[in-house]
>>> print(open('entry.cif').read())   # mmCIF, C-alpha atoms and all ligand atoms
data_coords
#
loop_
_atom_site.label_atom_id
_atom_site.label_comp_id
_atom_site.auth_asym_id
_atom_site.auth_seq_id
_atom_site.Cartn_x
_atom_site.Cartn_y
_atom_site.Cartn_z
CA MET A 1 69.89 -31.36 43.80
CA LYS A 2 71.04 -28.01 42.41
CA ALA A 3 68.64 -25.22 41.39
CA LEU A 4 68.50 -21.50 40.66
CA VAL A 5 66.80 -19.97 43.70
CA TYR A 6 65.23 -16.49 43.92
CA HIS A 7 66.19 -14.83 47.21
CA GLY A 8 64.34 -11.52 46.87
CA PRO A 9 64.79 -8.54 44.52
CA GLY A 10 68.21 -8.58 42.85
CA GLN A 11 69.25 -11.84 44.52
CA ARG A 12 69.58 -15.29 43.02
CA SER A 13 71.98 -18.19 43.43
CA TRP A 14 72.68 -21.74 42.25
CA ASP A 15 71.96 -23.60 45.49
CA THR A 16 71.82 -27.12 46.84
CA VAL A 17 68.16 -27.79 47.72
CA PRO A 18 66.11 -30.89 48.62
CA ASP A 19 65.06 -33.11 45.70
CA PRO A 20 61.37 -32.66 44.80
CA THR A 21 59.01 -35.48 45.79
CA ILE A 22 55.50 -36.55 44.76
CA LEU A 23 53.06 -34.50 46.89
CA GLU A 24 49.80 -35.36 45.08
CA GLN A 25 49.15 -38.62 43.24
CA THR A 26 48.58 -36.57 40.04
CA ASP A 27 52.22 -35.31 40.16
CA ALA A 28 55.22 -36.41 38.14
CA ILE A 29 58.89 -35.82 38.88
CA VAL A 30 60.83 -34.76 35.80
CA ARG A 31 64.58 -34.67 35.34
CA ILE A 32 65.29 -31.39 33.56
CA ASP A 33 67.39 -32.03 30.45
CA THR A 34 67.06 -28.60 28.82
CA SER A 35 65.74 -25.33 30.20
CA THR A 36 65.80 -21.63 29.36
CA ILE A 37 65.33 -18.17 30.87
CA CYS A 38 62.40 -15.81 30.16
CA GLY A 39 62.15 -12.03 30.38
CA THR A 40 59.56 -12.68 33.08
CA ASP A 41 62.32 -14.25 35.26
CA LEU A 42 64.12 -10.89 35.01
CA HIS A 43 60.86 -9.11 36.01
CA ILE A 44 60.74 -11.38 39.10
CA LEU A 45 64.36 -10.56 39.94
CA LYS A 46 63.54 -6.85 39.71
CA GLY A 47 60.83 -7.42 42.33
CA ASP A 48 57.99 -6.74 39.84
CA VAL A 49 56.17 -10.00 40.67
CA PRO A 50 55.48 -9.98 44.43
CA THR A 51 53.43 -13.21 44.18
CA CYS A 52 56.77 -14.99 43.64
CA LYS A 53 58.19 -15.42 47.12
CA PRO A 54 61.88 -15.55 48.09
CA GLY A 55 63.04 -19.18 48.25
CA THR A 56 61.25 -20.14 44.98
CA ILE A 57 63.19 -21.99 42.28
CA LEU A 58 62.83 -19.95 39.05
CA GLY A 59 62.05 -21.10 35.51
CA HIS A 60 58.91 -22.09 33.60
CA GLU A 61 60.22 -23.53 30.33
CA ALA A 62 61.86 -26.96 30.00
CA VAL A 63 62.16 -30.32 28.30
CA GLY A 64 62.95 -33.33 30.43
CA THR A 65 62.60 -37.01 31.23
CA VAL A 66 59.95 -38.36 33.59
CA VAL A 67 61.59 -40.26 36.46
CA GLU A 68 58.57 -40.96 38.70
CA VAL A 69 54.78 -40.58 38.55
CA GLY A 70 52.07 -40.58 41.22
CA SER A 71 49.57 -43.45 41.36
CA ALA A 72 46.79 -41.37 39.70
CA VAL A 73 48.86 -40.54 36.60
CA THR A 74 47.68 -42.70 33.71
CA ASN A 75 49.02 -41.14 30.54
CA ILE A 76 52.66 -40.49 31.41
CA VAL A 77 55.23 -43.06 32.51
CA ALA A 78 58.81 -42.95 33.77
CA GLY A 79 61.17 -42.59 30.82
CA ASP A 80 58.81 -40.38 28.76
CA HIS A 81 60.54 -37.46 27.00
CA VAL A 82 58.32 -34.47 27.75
CA LEU A 83 57.84 -30.76 27.21
CA VAL A 84 57.13 -28.98 30.50
CA SER A 85 55.13 -25.89 29.57
CA CYS A 86 54.80 -22.57 31.40
CA ILE A 87 51.08 -23.28 31.95
CA THR A 88 49.69 -26.18 33.99
CA SER A 89 46.08 -27.35 33.68
CA CYS A 90 43.87 -29.05 36.28
CA ALA A 91 41.53 -29.90 33.34
CA ARG A 92 38.52 -29.71 35.67
CA CYS A 93 37.83 -26.08 36.51
CA ARG A 94 35.54 -23.89 34.47
CA PHE A 95 38.41 -22.13 32.71
CA CYS A 96 40.31 -25.31 31.85
CA LYS A 97 37.11 -26.70 30.35
CA GLU A 98 37.00 -23.63 28.08
CA GLY A 99 40.65 -24.13 27.08
CA ARG A 100 41.68 -21.10 29.16
CA TYR A 101 44.35 -23.01 31.06
CA GLY A 102 46.20 -19.80 31.86
CA GLN A 103 43.26 -18.79 34.07
CA CYS A 104 43.01 -22.20 35.83
CA THR A 105 41.41 -21.88 39.27
CA GLY A 106 42.01 -25.52 40.22
CA GLY A 107 45.67 -25.12 41.18
CA GLY A 108 47.18 -24.77 37.70
CA GLY A 109 47.89 -21.77 35.43
CA TRP A 110 51.29 -20.08 35.54
CA ILE A 111 52.67 -21.70 38.70
CA PHE A 112 56.23 -22.89 37.82
CA GLY A 113 58.90 -20.50 39.01
CA HIS A 114 56.09 -18.31 40.36
CA THR A 115 53.94 -19.87 43.08
CA ILE A 116 55.69 -23.26 43.14
CA ASP A 117 59.29 -24.31 42.44
CA GLY A 118 60.26 -23.98 38.80
CA LEU A 119 62.32 -25.62 36.11
CA GLN A 120 65.83 -24.12 36.26
CA ALA A 121 66.84 -27.09 38.36
CA GLU A 122 68.07 -30.65 38.05
CA PHE A 123 64.60 -32.04 38.87
CA ALA A 124 61.09 -30.60 39.16
CA ARG A 125 57.70 -31.65 40.50
CA VAL A 126 54.98 -31.26 37.84
CA PRO A 127 51.40 -31.07 39.16
CA PHE A 128 48.55 -32.45 36.99
CA ALA A 129 51.08 -34.40 34.93
CA ASP A 130 48.49 -36.08 32.67
CA THR A 131 47.04 -32.78 31.46
CA SER A 132 50.12 -30.56 31.65
CA LEU A 133 52.97 -32.52 30.04
CA TYR A 134 53.37 -33.02 26.29
CA LYS A 135 55.22 -36.08 24.99
CA VAL A 136 57.97 -35.11 22.56
CA PRO A 137 57.57 -37.03 19.29
CA GLU A 138 60.46 -39.26 18.18
CA GLY A 139 62.94 -37.48 15.96
CA LEU A 140 62.63 -34.08 17.62
CA THR A 141 65.43 -32.67 19.79
CA ASP A 142 64.96 -30.75 23.02
CA GLU A 143 65.79 -27.52 21.23
CA ASP A 144 63.20 -28.22 18.53
CA VAL A 145 60.44 -28.10 21.14
CA LEU A 146 61.86 -25.98 23.99
CA PHE A 147 60.35 -22.71 22.75
CA LEU A 148 56.89 -24.28 22.78
CA ALA A 149 57.09 -23.93 26.55
CA ASP A 150 56.30 -20.22 26.34
CA ILE A 151 57.25 -17.86 23.49
CA LEU A 152 55.62 -19.66 20.54
CA PRO A 153 52.15 -20.25 22.05
CA THR A 154 52.24 -16.80 23.69
CA ALA A 155 53.00 -15.05 20.43
CA TYR A 156 50.55 -17.18 18.44
CA GLU A 157 47.61 -17.10 20.87
CA VAL A 158 47.87 -13.64 22.45
CA GLY A 159 49.34 -11.88 19.40
CA VAL A 160 48.31 -13.59 16.15
CA LEU A 161 45.01 -15.29 17.07
CA ASN A 162 43.74 -12.53 19.37
CA GLY A 163 44.77 -10.02 16.69
CA GLY A 164 42.75 -11.98 14.10
CA VAL A 165 45.45 -11.82 11.41
CA GLN A 166 43.90 -12.49 7.97
CA PRO A 167 45.46 -13.24 4.57
CA GLY A 168 46.64 -9.99 2.99
CA ASP A 169 46.65 -8.00 6.24
CA THR A 170 49.26 -5.42 7.11
CA VAL A 171 50.54 -6.38 10.57
CA ALA A 172 52.72 -4.20 12.79
CA VAL A 173 54.65 -5.94 15.55
CA VAL A 174 55.90 -3.46 18.12
CA GLY A 175 58.86 -4.97 19.99
CA ALA A 176 61.14 -7.53 18.33
CA GLY A 177 62.28 -9.49 21.37
CA PRO A 178 61.66 -13.25 21.50
CA ILE A 179 57.89 -12.68 21.77
CA GLY A 180 57.71 -10.16 18.92
CA LEU A 181 59.91 -12.36 16.73
CA ALA A 182 57.76 -15.41 17.47
CA THR A 183 54.72 -13.28 16.55
CA ILE A 184 56.33 -12.43 13.21
CA MET A 185 57.10 -16.12 12.67
CA THR A 186 53.62 -17.44 13.50
CA ALA A 187 51.70 -14.58 11.81
CA GLN A 188 53.03 -15.97 8.53
CA LEU A 189 50.81 -19.04 9.03
CA PHE A 190 47.98 -16.71 7.89
CA THR A 191 49.85 -15.21 4.90
CA PRO A 192 49.59 -11.53 5.80
CA GLY A 193 50.38 -9.12 2.98
CA HIS A 194 53.03 -7.18 4.90
CA ILE A 195 54.63 -7.47 8.35
CA VAL A 196 56.44 -4.44 9.72
CA ALA A 197 58.60 -4.79 12.83
CA ILE A 198 59.13 -1.78 15.11
CA ASP A 199 61.90 -1.70 17.72
CA LEU A 200 64.58 0.57 19.14
CA SER A 201 67.36 -1.96 18.48
CA ASP A 202 68.83 -2.44 14.99
CA ALA A 203 70.12 -5.90 15.96
CA ARG A 204 66.59 -7.02 16.89
CA LEU A 205 65.20 -5.51 13.67
CA GLU A 206 67.76 -7.46 11.64
CA LYS A 207 66.56 -10.63 13.35
CA ALA A 208 62.97 -9.61 12.53
CA LEU A 209 63.84 -9.58 8.83
CA GLU A 210 65.44 -13.01 9.27
CA VAL A 211 62.23 -14.49 10.72
CA GLY A 212 60.07 -13.01 7.97
CA ALA A 213 59.27 -9.32 8.55
CA ASP A 214 58.93 -7.42 5.27
CA SER A 215 60.14 -4.07 6.59
CA THR A 216 61.38 -2.48 9.80
CA ILE A 217 61.11 0.84 11.61
CA ASN A 218 63.55 1.96 14.29
CA ASN A 219 61.22 4.18 16.31
CA GLY A 220 64.21 5.54 18.25
CA ARG A 221 65.25 7.58 15.24
CA GLU A 222 62.36 7.25 12.77
CA ASP A 223 58.77 8.55 12.94
CA ALA A 224 56.86 5.27 13.22
CA VAL A 225 53.39 6.82 12.85
CA ALA A 226 54.33 8.75 9.70
CA MET A 227 56.03 5.71 8.15
CA ILE A 228 53.08 3.42 8.89
CA MET A 229 50.64 5.94 7.39
CA GLU A 230 52.82 6.11 4.29
CA LEU A 231 52.94 2.31 4.08
CA THR A 232 49.14 1.98 4.40
CA ASN A 233 47.98 4.94 2.26
CA GLY A 234 47.01 6.86 5.37
CA LEU A 235 44.73 4.12 6.76
CA GLY A 236 46.81 2.43 9.46
CA VAL A 237 47.57 -1.27 9.94
CA ASP A 238 44.96 -4.04 10.14
CA VAL A 239 46.59 -5.61 13.21
CA ALA A 240 49.03 -4.10 15.71
CA VAL A 241 50.67 -6.43 18.22
CA GLU A 242 52.16 -4.85 21.36
CA ALA A 243 55.12 -7.01 22.43
CA VAL A 244 57.05 -4.71 24.76
CA GLY A 245 54.97 -3.87 27.83
CA VAL A 246 55.42 -0.10 28.27
CA PRO A 247 52.80 2.69 27.91
CA ASP A 248 54.50 4.27 24.85
CA THR A 249 54.30 1.14 22.74
CA PHE A 250 50.67 0.39 23.67
CA GLU A 251 49.77 3.99 22.77
CA LEU A 252 51.73 3.68 19.53
CA CYS A 253 49.65 0.62 18.60
CA THR A 254 46.44 2.61 19.10
CA GLU A 255 47.83 5.42 16.90
CA ILE A 256 48.78 3.20 13.96
CA ILE A 257 45.63 1.04 13.88
CA ARG A 258 43.16 1.46 11.00
CA PRO A 259 39.43 1.89 11.60
CA GLY A 260 38.06 -1.59 12.34
CA GLY A 261 41.52 -2.92 13.16
CA HIS A 262 42.72 -5.05 16.07
CA VAL A 263 45.28 -4.16 18.74
CA ALA A 264 46.54 -7.31 20.45
CA ASN A 265 48.41 -6.55 23.65
CA VAL A 266 50.94 -9.22 24.67
CA GLY A 267 53.31 -7.14 26.82
CA VAL A 268 53.23 -7.40 30.61
CA HIS A 269 52.62 -3.85 31.85
CA GLY A 270 53.84 -2.45 35.14
CA HIS A 271 52.33 1.03 34.61
CA SER A 272 49.06 2.42 33.32
CA ALA A 273 48.83 3.50 29.71
CA THR A 274 46.49 6.14 28.33
CA LEU A 275 43.56 4.98 26.22
CA HIS A 276 42.81 7.92 23.91
CA LEU A 277 39.07 7.42 23.62
CA GLU A 278 38.74 10.99 22.31
CA THR A 279 40.26 9.75 19.04
CA LEU A 280 39.47 6.03 19.24
CA TRP A 281 35.74 6.09 20.00
CA ILE A 282 34.90 6.52 16.33
CA LYS A 283 37.34 3.96 14.91
CA ASP A 284 35.57 0.61 15.56
CA ILE A 285 38.76 -0.91 16.92
CA THR A 286 39.12 -4.02 19.08
CA ILE A 287 41.72 -4.23 21.83
CA THR A 288 42.54 -7.62 23.33
CA THR A 289 44.72 -8.61 26.27
CA GLY A 290 45.66 -12.04 27.49
CA LEU A 291 47.83 -14.50 29.33
CA VAL A 292 48.95 -17.45 27.24
CA ASP A 293 46.77 -20.58 27.64
CA THR A 294 49.06 -22.94 25.65
CA LYS A 295 45.99 -24.57 24.12
CA THR A 296 47.68 -24.35 20.68
CA THR A 297 50.77 -26.26 21.81
CA PRO A 298 49.77 -29.53 20.05
CA GLN A 299 49.07 -27.61 16.82
CA LEU A 300 52.42 -25.77 16.96
CA LEU A 301 54.20 -29.02 17.84
CA LYS A 302 52.78 -30.59 14.69
CA LEU A 303 54.03 -27.66 12.60
CA ILE A 304 57.53 -28.05 14.07
CA GLN A 305 57.41 -31.79 13.44
CA GLU A 306 56.45 -31.14 9.81
CA ARG A 307 59.25 -28.53 9.60
CA LYS A 308 56.72 -25.79 8.80
CA LEU A 309 58.03 -23.79 11.77
CA ASP A 310 61.68 -23.63 12.75
CA PRO A 311 62.13 -22.05 16.17
CA SER A 312 65.81 -23.10 16.41
CA LEU A 313 67.00 -19.62 15.47
CA PHE A 314 65.78 -18.25 18.81
CA ALA A 315 68.63 -20.10 20.57
CA THR A 316 71.57 -17.70 20.52
CA HIS A 317 73.64 -18.95 23.48
CA ARG A 318 74.16 -22.33 25.16
CA PHE A 319 75.28 -23.08 28.70
CA SER A 320 75.49 -26.06 30.94
CA LEU A 321 72.68 -26.08 33.54
CA SER A 322 75.30 -25.67 36.26
CA ASP A 323 76.30 -22.34 34.63
CA THR A 324 72.77 -20.93 34.94
CA GLU A 325 74.05 -17.88 36.82
CA GLN A 326 76.38 -16.98 33.96
CA ALA A 327 73.51 -17.58 31.53
CA TYR A 328 71.39 -15.04 33.49
CA ASP A 329 74.17 -12.45 33.16
CA THR A 330 74.35 -13.02 29.38
CA PHE A 331 70.55 -12.94 28.98
CA ALA A 332 70.13 -9.81 31.12
CA ALA A 333 72.79 -7.98 29.06
CA ALA A 334 70.96 -8.65 25.76
CA ALA A 335 71.78 -5.19 24.39
CA GLU A 336 75.50 -6.10 24.40
CA THR A 337 75.34 -9.89 24.00
CA HIS A 338 72.46 -9.91 21.45
CA ALA A 339 71.00 -12.83 23.39
CA LEU A 340 67.48 -13.94 22.45
CA LYS A 341 67.07 -17.26 24.24
CA VAL A 342 69.82 -18.99 26.22
CA VAL A 343 69.64 -22.78 26.28
CA LEU A 344 70.63 -24.52 29.52
CA THR A 345 71.56 -28.18 29.11
CA ALA A 346 72.02 -30.78 31.83
CA GLU A 347 74.85 -33.28 31.70
CA PRO A 348 73.63 -36.47 30.02
CA VAL A 349 72.72 -39.37 32.32
CA PRO A 350 73.65 -42.66 30.65
CA ALA A 351 71.64 -44.66 33.21
CA LEU A 352 68.31 -43.31 31.89
CA PRO A 353 66.23 -45.32 29.38
CA ALA A 354 67.92 -45.66 26.00
CA HIS A 355 65.65 -43.42 23.88
CA VAL A 356 66.30 -40.38 26.08
CA GLY A 357 69.40 -38.67 27.39
CA ALA A 358 72.31 -39.45 25.09
CA ALA A 359 71.28 -37.22 22.17
CA LYS A 360 71.15 -34.20 24.38
CA ALA A 361 74.84 -33.79 25.15
CA GLU A 362 75.18 -30.23 23.87
CA PRO A 363 78.59 -28.64 24.33
CA ALA A 364 78.61 -26.26 27.27
CA GLY A 365 79.60 -22.62 26.99
CA VAL A 366 78.61 -19.63 24.88
CA SER A 367 78.08 -20.39 21.21
N1 LIG B 401 50.84 -12.12 27.81
C1 LIG B 401 51.61 -13.17 28.06
O1 LIG B 401 51.12 -14.28 28.29
C2 LIG B 401 53.10 -13.02 28.02
C3 LIG B 401 53.91 -14.17 28.09
C4 LIG B 401 55.30 -14.01 28.01
C5 LIG B 401 55.85 -12.73 27.90
N2 LIG B 401 55.03 -11.62 27.88
C6 LIG B 401 55.55 -10.25 27.76
O2 LIG B 401 55.81 -9.94 26.41
C7 LIG B 401 56.72 -8.84 26.35
C8 LIG B 401 57.84 -9.15 25.37
O3 LIG B 401 58.63 -10.23 25.85
P1 LIG B 401 60.12 -10.47 25.32
O4 LIG B 401 60.65 -11.64 26.06
O5 LIG B 401 60.15 -10.46 23.84
O6 LIG B 401 60.80 -9.12 25.90
P2 LIG B 401 62.19 -8.42 25.55
O7 LIG B 401 62.42 -7.43 26.64
O8 LIG B 401 63.23 -9.42 25.23
O9 LIG B 401 61.89 -7.63 24.18
C9 LIG B 401 61.25 -6.41 24.15
C10 LIG B 401 61.69 -5.68 22.88
O10 LIG B 401 61.06 -4.40 22.89
C11 LIG B 401 61.98 -3.42 22.46
N3 LIG B 401 61.55 -2.13 23.00
C12 LIG B 401 61.71 -1.64 24.26
N4 LIG B 401 61.17 -0.42 24.34
C13 LIG B 401 60.66 -0.12 23.12
C14 LIG B 401 60.00 1.00 22.57
N5 LIG B 401 59.72 2.08 23.31
N6 LIG B 401 59.63 0.95 21.28
C15 LIG B 401 59.89 -0.14 20.50
N7 LIG B 401 60.53 -1.24 20.97
C16 LIG B 401 60.91 -1.22 22.26
C17 LIG B 401 63.32 -3.91 22.98
O11 LIG B 401 64.40 -3.34 22.21
C18 LIG B 401 63.20 -5.43 22.80
O12 LIG B 401 63.70 -5.86 21.55
C19 LIG B 401 57.21 -8.63 27.79
O13 LIG B 401 56.47 -7.57 28.37
C20 LIG B 401 56.88 -9.96 28.44
O14 LIG B 401 56.78 -9.84 29.84
C21 LIG B 401 53.68 -11.77 27.91
ZN ZN B 402 57.98 -16.77 30.17
ZN ZN B 403 41.87 -25.63 35.80
#
>>> encode(input="entry.cif", output="structure tokens")
Amino acid sequence: MKALVYHGPGQRSWDTVPDPTILEQTDAIVRIDTSTICGTDLHILKGDVPTCKPGTILGHEAVGTVVEVGSAVTNIVAGDHVLVSCITSCARCRFCKEGRYGQCTGGGGWIFGHTIDGLQAEFARVPFADTSLYKVPEGLTDEDVLFLADILPTAYEVGVLNGGVQPGDTVAVVGAGPIGLATIMTAQLFTPGHIVAIDLSDARLEKALEVGADSTINNGREDAVAMIMELTNGLGVDVAVEAVGVPDTFELCTEIIRPGGHVANVGVHGHSATLHLETLWIKDITITTGLVDTKTTPQLLKLIQERKLDPSLFATHRFSLSDTEQAYDTFAAAAETHALKVVLTAEPVPALPAHVGAAKAEPAGVS
């Protein structure tokens, strides 16, 4: 089969590799119909994630069709249309039993495109298929559910739920990339009073307004702290979500938070940030961190099914799976291309069971 293989920092290629096979009887083999690229894949390519070894197939977000299951798989059968999520769950370890699948110590967690071969490929092996795959309800397209593989549960769990957004709250979302935008989208489930998006890019801030932010601050040319204090009568925001992953934006969140407020860190940090306890010790604030668990995926799926959430606007560009390399170039040059999420679509396979396949023949090329 063909797959996008990481060959060490700065090196990737669309290679011919062996087809995946069932290794454990709890595995399934999934034909990838639709996949996408994450900012974390770019971190890997920069060499920031040394636990991802050269030779690994990248990608941890996909929708596909099950083609084979191991003898111990009871809930999933060949032909099922499934969401393959960034997090895999063994369902048996202490953390999985608490719903903290991201911290799985039984062989799951974030493994695709990290410690095992990933999903930017024609086929993939999915460990713990029964407890890691989600059947896609009839009537939903691949693109309807694709962003449940990572950005929606990440934003909702690590941003909105950890931040404890309440009705009427003033919420600041620092960083309006796919994660920040998904935070703005899912925060509205709690009817906050005001959402302010903060970013350096006007294009991203425009998108933030589209997904439901009430106001924006370009902290490249505006004084974010002064503007937030003006907005909140000098108090600060109730919830600040850090969705960038650099020291400046974490520190900004701790400057704009009101006494008793919550800072929810979502960003992946490569450097230490300063925690200004000399000003924060008296403010009763809560700071949370977290890796997505994807335990809210069924809940978010229901909201998409009921058309209460519409993640389709995250898809800005479409490519054929065989043009994954070109898709990486477009995604990595987001400042010029304004890419948010690029959708990679496999050629349809007419031989697959009738209810899957045919509807997914998206036109190839940049939209
Ligand atoms: N915790 C988790 O489980 C988890 C899961 C997925 C992604 N992440 C992380 O979430 C973060 C956001 O992901 P993304 O895909 O949206 O990233 P992205 O790079 O697409 O977006 C980041 C945004 O931050 C803006 N930005 C950069 N520097 C800024 C600054 N100084 N001030 C204000 N805005 C600034 C950029 O203009 C961009 O719009 C990343 O660090 C990513 O690795 C965390
Ligand atoms: Zn990701
Ligand atoms: Zn586990």
>>> residues_near_ligand(input="entry.cif", ligand="ligand ZN 403 (chain B)", cutoff="8 Å", atoms="all atoms listed in the file", output="PyMOL selection string")
chain A and resi 89-97+101+103-109
>>> closest_atom_pairs(input="entry.cif", of="chain A", to="ligand LIG 401 (chain B)", cutoff="7 Å", atoms="all atoms listed in the file", output="tab-separated table")
residue	atom	partner	partner_atom	distance
A:Cys38	CA	B:LIG401	O4	6.1
A:Gly39	CA	B:LIG401	O4	4.6
A:Thr40	CA	B:LIG401	O14	5.1
A:Asp150	CA	B:LIG401	C4	6.5
A:Ile151	CA	B:LIG401	C4	6.2
A:Thr154	CA	B:LIG401	O1	5.4
A:Val158	CA	B:LIG401	N1	6.3
A:Val174	CA	B:LIG401	C15	5.7
A:Gly175	CA	B:LIG401	O10	3.7
A:Ala176	CA	B:LIG401	O12	4.4
A:Gly177	CA	B:LIG401	O9	3.4
A:Pro178	CA	B:LIG401	O5	3.9
A:Ile179	CA	B:LIG401	O5	3.8
A:Gly180	CA	B:LIG401	O5	5.5
A:Ile198	CA	B:LIG401	C15	5.7
A:Asp199	CA	B:LIG401	N7	3.6
A:Leu200	CA	B:LIG401	N7	4.8
A:Ser201	CA	B:LIG401	O11	5.0
A:Arg204	CA	B:LIG401	O12	5.6
A:Asn219	CA	B:LIG401	N6	6.1
A:Ala243	CA	B:LIG401	C8	4.5
A:Val244	CA	B:LIG401	O10	4.4
A:Gly245	CA	B:LIG401	O13	4.0
A:Val246	CA	B:LIG401	N5	6.9
A:Asp248	CA	B:LIG401	N5	5.9
A:Thr249	CA	B:LIG401	N6	5.5
A:Val266	CA	B:LIG401	N1	4.3
A:Gly267	CA	B:LIG401	O13	3.5
A:Val268	CA	B:LIG401	O13	3.9
A:His269	CA	B:LIG401	O13	6.4
A:Gly290	CA	B:LIG401	N1	5.2
A:Leu291	CA	B:LIG401	O1	3.5
A:Val292	CA	B:LIG401	O1	4.0
A:Leu340	CA	B:LIG401	O8	6.8
>>> residues_near_point(input="entry.cif", point="(56.3, -26.4, 22.1)", cutoff="10 Å", atoms="all atoms listed in the file", output="PyMOL selection string")
chain A and resi 61-63+83-85+134+136+142-153+294+296-304+311
>>> residues_around(input="entry.cif", residues="Thr337 of chain A", least_positions_apart="5", cutoff="10 Å", atoms="all atoms listed in the file", output="ChimeraX atom specification")
/A:316-317,329-332
>>> write_last_selection(input="entry.cif", atoms="C-alpha atoms", output="short mmCIF file (atom, residue, chain, number, x, y, z; two decimals), keeping the file's coordinate frame")
data_model
loop_
_atom_site.label_atom_id
_atom_site.label_comp_id
_atom_site.auth_asym_id
_atom_site.auth_seq_id
_atom_site.Cartn_x
_atom_site.Cartn_y
_atom_site.Cartn_z
CA THR A 316 71.57 -17.70 20.52
CA HIS A 317 73.64 -18.95 23.48
CA ASP A 329 74.17 -12.45 33.16
CA THR A 330 74.35 -13.02 29.38
CA PHE A 331 70.55 -12.94 28.98
CA ALA A 332 70.13 -9.81 31.12
#
>>> atom_distance(input="entry.cif", atom1="atom CA of Leu58 of chain A", atom2="atom CA of Asp293 of chain A")
19.7 Å
>>> closest_residue(input="entry.cif", among="A:Gly234, A:Gly118, A:Gly55, A:Gly79", to="ligand ZN 402 (chain B)", atoms="only C-alpha atoms and all ligand atoms")
A:Gly118
>>> atom_distance(input="entry.cif", atom1="atom CA of Ile44 of chain A", atom2="atom CA of His60 of chain A")
12.2 Å
>>> residues_around(input="entry.cif", residues="His7 of chain A", least_positions_apart="6", cutoff="10 Å", atoms="all atoms listed in the file", output="CSV table (one decimal) with C-alpha atoms, keeping the file's coordinate frame")
chain,number,residue,atom,x,y,z
A,13,SER,CA,72.0,-18.2,43.4
A,45,LEU,CA,64.4,-10.6,39.9
A,53,LYS,CA,58.2,-15.4,47.1
A,54,PRO,CA,61.9,-15.6,48.1
A,55,GLY,CA,63.0,-19.2,48.2
A,56,THR,CA,61.2,-20.1,45.0
A,57,ILE,CA,63.2,-22.0,42.3
>>> atom_distance(input="entry.cif", atom1="atom CA of Glu325 of chain A", atom2="atom CA of Gly64 of chain A")
20.1 Å
>>> closest_residue(input="entry.cif", among="A:Ala172, A:Ala334, A:Ile285, A:Ala3", to="Glu122 of chain A", atoms="only C-alpha atoms")
A:Ala3
>>> closest_residue(input="entry.cif", among="A:Cys253, A:Ala187, A:Ala346, A:Val173", to="Ile32 of chain A", atoms="only C-alpha atoms")
A:Ala346
>>> residues_around(input="entry.cif", residues="Asp19 of chain A", least_positions_apart="2", cutoff="7 Å", atoms="all atoms listed in the file", output="number ranges by chain")
A: 1, 17, 21, 123
>>> write_last_selection(input="entry.cif", atoms="C-alpha atoms", output="short mmCIF file (atom, residue, chain, number, x, y, z; two decimals), keeping the file's coordinate frame")
data_model
loop_
_atom_site.label_atom_id
_atom_site.label_comp_id
_atom_site.auth_asym_id
_atom_site.auth_seq_id
_atom_site.Cartn_x
_atom_site.Cartn_y
_atom_site.Cartn_z
CA MET A 1 69.89 -31.36 43.80
CA VAL A 17 68.16 -27.79 47.72
CA THR A 21 59.01 -35.48 45.79
CA PHE A 123 64.60 -32.04 38.87
#
>>> closest_residue(input="entry.cif", among="A:Pro192, A:Gly99, A:Ser312, A:Trp14", to="Thr141 of chain A", atoms="only C-alpha atoms")
A:Ser312
